[in-house]
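In what follows, a structure is listed as structure tokens, so that the remarks can point back to it.
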Amino acid sequence: MQKKPAGGLRNTIYEQQTRSARRLTRTRLLLYRMLVPVGLALMRMVWRWCRVVHVGGLEHIAAALERAPSFIPVYWHQHQVFCVKQLLDLRGAGVKLGFLISPSVDGEIGAMLVRKLGAEVIRGSSSHTGARALRDYYQALSHEGISPAITPDGPRGPPWKFKPGAVLLAQLSQRPIIPMAFAASRAWKIKWDRFVIPMPGARIAIVVGAPVYVAKGLDAAGLARLQAEMEENLLRLYQEASLRVR
């Protein structure tokens, strides 16, 4: 039986299989341990070479935490760099951030990076183990006080399209969705997924939206409408952030 990786493992499918036939050998683990500090240093370098000129809406996170110890942060996949930093900076205010990481062997490098950042790891794949991931998200939210970050367009896209997972999780857990966006005055955008990496000296604006609660009795049509509204909400927050760095 495969030995369970240390720390943060929640999805039991990882105990049984991975999407790859590869094993987490000593050589591969050593390589990951060498690469993680490099990735961490690069991320912190990007954070340092930018100047955050505006952060708006933090009172919405405070309001959500007054009602419950966790919430569901959502932001576009392309906007992870500074939305993640802002959430990590709120650990002292009670935000216990979590991330869904693939149960594959390759996912272990992401899990190691997340732990180094001081966040929680939830092992699962939104595309291949979705039902199990939803279960583990619920466990993290409702029983462990973890706020699992969700990118509703996902790494596979399509970009800027809000998939239903966050809405379903909010209905199941009765925890609020809190939308976020950031904009940079200058940035590189990775070609295949439009991921935003701010350039040196870029000005950064971060905007947090109001908590969105999903009624337990909301039907399928109502959930679909809310999903569309959340998509518009995230786009509006991005436009608001963009105005702050012009």
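Identifiers in this document derive from the order of the structure tokens: chains are assigned A, B, ..., residues are numbered from 1 separately in each chain, and ligands are numbered from 1 in order of occurrence.
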
Could you give me, as a Markdown table, a per-residue list for range 44-140 of chain A showing, wherever an atom lies at most 8 Å from an atom of range 144-164 of chain A, the closest pair of atoms and their distance in Å to one decimal, using only C-alpha atoms and sorting by chain then residue number from low to high?
| residue | atom | partner | partner_atom | distance |
| --- | --- | --- | --- | --- |
| A:Pro69 | CA | A:Gly145 | CA | 5.3 |
| A:Ser70 | CA | A:Ser147 | CA | 4.9 |
| A:Phe71 | CA | A:Ser147 | CA | 5.0 |
| A:Ile72 | CA | A:Ser147 | CA | 5.5 |
| A:Pro73 | CA | A:Ala149 | CA | 4.9 |
| A:Val74 | CA | A:Ile150 | CA | 4.9 |
| A:Tyr75 | CA | A:Thr151 | CA | 5.3 |
| A:Trp76 | CA | A:Thr151 | CA | 5.1 |
| A:His77 | CA | A:Thr151 | CA | 4.9 |
| A:Val95 | CA | A:Ser147 | CA | 6.9 |
| A:Lys96 | CA | A:Ile146 | CA | 5.0 |
| A:Leu97 | CA | A:Ser147 | CA | 4.9 |
| A:Gly98 | CA | A:Pro148 | CA | 4.3 |
| A:Phe99 | CA | A:Pro148 | CA | 5.5 |
| A:Leu100 | CA | A:Pro148 | CA | 7.4 |
| A:Glu120 | CA | A:Ile146 | CA | 7.6 |
| A:Tyr137 | CA | A:Pro148 | CA | 6.8 |
| A:Gln139 | CA | A:Glu144 | CA | 6.7 |
| A:Ala140 | CA | A:Glu144 | CA | 4.9 |

Inset, instruction - Determine, counting only C-alpha atoms, which protein, DNA and RNA residues have an atom within 10 Å of an atom of Ser242 in chain A; residues of the same chain fewer than 3 positions away are not included. Present the result as a PyMOL selection string. - result: chain A and resi 181-185+204-207+236-239+245-246

Legend entry - Closest of A:Leu243, A:Ala224, A:Leu235, A:Leu65 to Pro176 in chain A - atom-to-atom distances counting only C-alpha atoms: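 Counting only C-alpha atoms, the residue closest to Pro176 in chain A is A:Leu65.
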
Legend entry - Exercise: Asn233 in chain A partners within 9 Å, only C-alpha atoms, chain neighbours under 5 positions left out, as a count of residues only: 4

Inset, instruction - Can you pull out every residue within 9 Å of Trp47 in chain A, counting only C-alpha atoms, but drop anything in the same chain fewer than 5 positions away, and send it as a ChimeraX atom specification? - result: /A:42,81-82,85,198

Create the file for the chosen residues now, containing N, CA and C atoms and written as a compact mmCIF listing (two decimals), in the first residue's frame.
# COMPACT_ATOMS: atom_id res chain seq x y z
N LEU A 42 11.13 32.92 -6.75
CA LEU A 42 10.63 33.65 -7.91
C LEU A 42 9.31 34.35 -7.59
N VAL A 81 -1.53 35.47 -8.69
CA VAL A 81 -0.30 35.94 -8.06
C VAL A 81 -0.56 36.86 -6.87
N PHE A 82 -1.39 37.90 -7.07
CA PHE A 82 -1.60 38.84 -5.96
C PHE A 82 -2.85 38.56 -5.15
N LYS A 85 -1.39 36.28 -2.56
CA LYS A 85 -0.59 37.04 -1.60
C LYS A 85 -1.47 37.77 -0.60
N PRO A 198 2.94 40.38 -13.21
CA PRO A 198 3.27 41.81 -13.24
C PRO A 198 4.75 42.05 -13.54

Inset, instruction - Taking the chain letters and numbering used in this document, name the residues of range 56-236 of chain A that DSSP puts in alpha helix (DSSP H), as a PyMOL selection string. - result: chain A and resi 58-67+80-89+107-117+130-144+165-173+220-236

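For range 35-94 of chain A, backbone-based DSSP assignment of strand (DSSP E) covers Arg51, Val52, Val53, His54, Val55, Gly56, Ile72, Pro73 and Val74 of chain A.
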
Legend entry - Counting only C-alpha atoms, the option among A:Ala64, A:Ala93, A:Ile122, A:Met45 closest to Gly107 in chain A: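 With only C-alpha atoms as the atom set, the closest residue is A:Ile122.
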
Legend entry - Interatomic distance, CA of Leu35 in chain A to CA of Ile190 in chain A (Å, one decimal): 20.6 Å

Inset, instruction - Find the residue from A:Cys83, A:Ala111, A:Val36, A:Val121 that sits nearest to Val55 in chain A; use only C-alpha atoms when measuring. - result: A:Cys83

Legend entry - Among listed residues A:Met112, A:Leu117, A:Val208, A:Leu168, nearest Leu134 in chain A (using only C-alpha atoms):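 Using only C-alpha atoms, the shortest distance to Leu134 in chain A belongs to A:Leu168.
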
Inset, instruction - Using only C-alpha atoms, pick whichever of A:Ala133, A:Ile61, A:Val52, A:Val84 has the shortest atom-to-atom distance to Ile101 in chain A. - result: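 Comparing A:Ala133, A:Ile61, A:Val52, A:Val84 against Ile101 in chain A, the winner is A:Ala133.
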
Inset, instruction - Would you work out the distance separating CA of Gln78 in chain A from CA of Ala215 in chain A, expressed in Å to one decimal? - result: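 Those two atoms sit 28.8 Å apart.
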
Inset, instruction - Would you work out the distance separating CA of Arg203 in chain A from CA of Val53 in chain A, expressed in Å to one decimal? - result: 6.2 Å

Inset, instruction - Using only C-alpha atoms, determine which residues lie at most 7 Å from Val214 in chain A, disregarding the query and same-chain residues fewer than 5 positions distant; provide the list as a PyMOL selection string. - result: chain A and resi 170-171+174

Inset, instruction - Compare A:Arg175, A:Arg244, A:Gly118, A:Gly222 by their minimum atom-to-atom distance to Glu66 in chain A, counting only C-alpha atoms, and give me the closest one. - result: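 Ranking A:Arg175, A:Arg244, A:Gly118, A:Gly222 by distance to Glu66 in chain A, first place goes to A:Arg175.
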